[in-house]
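Down below is the structure, laid out as structure tokens.
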Amino acid sequence: MGFSAGGELVSMIADNKDARATKPVDAVDRQSARPDFQALVFPGPLGIPADAVADAPPAFLVAGTLDECCAKPAVALYEQLRAAKVSAELHMYAGSGHAFNLDESNRISIIHWPDRLADWLADEGWLSPRPSAAKGR
């Protein structure tokens with residue numbers, strides 16, 4: 001999960017080719033750096049458009065419609081993910097700029113955007129325990 005520039009970082013890792021230049025030296029290095037899911041909150045434009053969305057993890061994207069920096073990247077990435085048939089959910093909040101004007105906003109929808117994230121996480125199964133490989137031991 002990342003906010004603004006942090007959202008850029010999430011997208012650069014989750015939606016783009018692995019840019020690591022070093023050869024793996026141990027088992028950890030051989031693991032994918034991609035997360036299981038991604039939540040991008042008013043993500044900045046770096047890493048968007050993405051170059052590897054076909055293998056991207058499910059995504060939750062949220063931004064304000066008046067955000068000069070981050071509304072277009074959020075919509076563009078959503079469209080890329082949708083076209084690649086990657087599970088993605090996008091919420092655009094009317095009348096809000098970068099960071100949803102949190103210092104001055106009293107819009108009910110903006111106050112409750114974390115609830116939409118929790119709903120998405122539940123719907124995607126990320127809030128339920130996964131079966132353990134060690135089960136039955």
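Residues are named by chain letter and number: chains run A, B, ... in the order of the structure tokens, numbers start at 1 in each chain, and ligands are numbered from 1 in the order shown.
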Quick one: contact table of segment 29-103 of chain A to segment 120-130 of chain A, 10 Å max, nearest atom pair and distance in Å to one decimal per residue, counting only C-alpha atoms, chain and number order, as JSON lines?
{"residue": "A:Asp36", "atom": "CA", "partner": "A:Trp126", "partner_atom": "CA", "distance": 9.2}
{"residue": "A:Phe37", "atom": "CA", "partner": "A:Trp126", "partner_atom": "CA", "distance": 8.6}
{"residue": "A:Ala39", "atom": "CA", "partner": "A:Leu121", "partner_atom": "CA", "distance": 9.5}
{"residue": "A:Pro58", "atom": "CA", "partner": "A:Glu124", "partner_atom": "CA", "distance": 8.4}
{"residue": "A:Ala59", "atom": "CA", "partner": "A:Trp120", "partner_atom": "CA", "distance": 9.3}
{"residue": "A:Phe60", "atom": "CA", "partner": "A:Trp120", "partner_atom": "CA", "distance": 7.4}
{"residue": "A:Ser87", "atom": "CA", "partner": "A:Glu124", "partner_atom": "CA", "distance": 9.0}
{"residue": "A:Ala88", "atom": "CA", "partner": "A:Trp120", "partner_atom": "CA", "distance": 9.5}
{"residue": "A:Glu89", "atom": "CA", "partner": "A:Trp120", "partner_atom": "CA", "distance": 7.9}
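Around Cys69 of chain A, within 8 Å and counting only C-alpha atoms, the residues found are Gly44, Pro45, Lys72, Pro73 and His98 of chain A, once anything fewer than 3 positions away on its own chain is removed.
Residues lying within 7 Å of Phe3 of chain A, counting only C-alpha atoms and ignoring same-chain neighbours fewer than 4 positions away, are Gly7, Leu40, Val41, Phe42 and Pro43 of chain A.
Coordinates place atom CA of Asn106 of chain A at a distance of 20.4 Å from atom CA of Glu68 of chain A.
Within segment 66-110 of chain A, DSSP run on the backbone puts these residues in strand (DSSP E): Ala88, Glu89, Leu90, His91, Met92 and Tyr93 of chain A.
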Can I get the selection written as a short mmCIF file (atom, residue, chain, number, x, y, z; two decimals), in the first residue's frame, with C-alpha atoms?
data_model
loop_
_atom_site.label_atom_id
_atom_site.label_comp_id
_atom_site.auth_asym_id
_atom_site.auth_seq_id
_atom_site.Cartn_x
_atom_site.Cartn_y
_atom_site.Cartn_z
CA ALA A 88 -8.99 -4.01 -10.04
CA GLU A 89 -11.26 -1.57 -8.27
CA LEU A 90 -11.13 2.20 -8.75
CA HIS A 91 -12.73 4.90 -6.61
CA MET A 92 -12.59 8.54 -7.76
CA TYR A 93 -13.89 11.09 -5.28
#
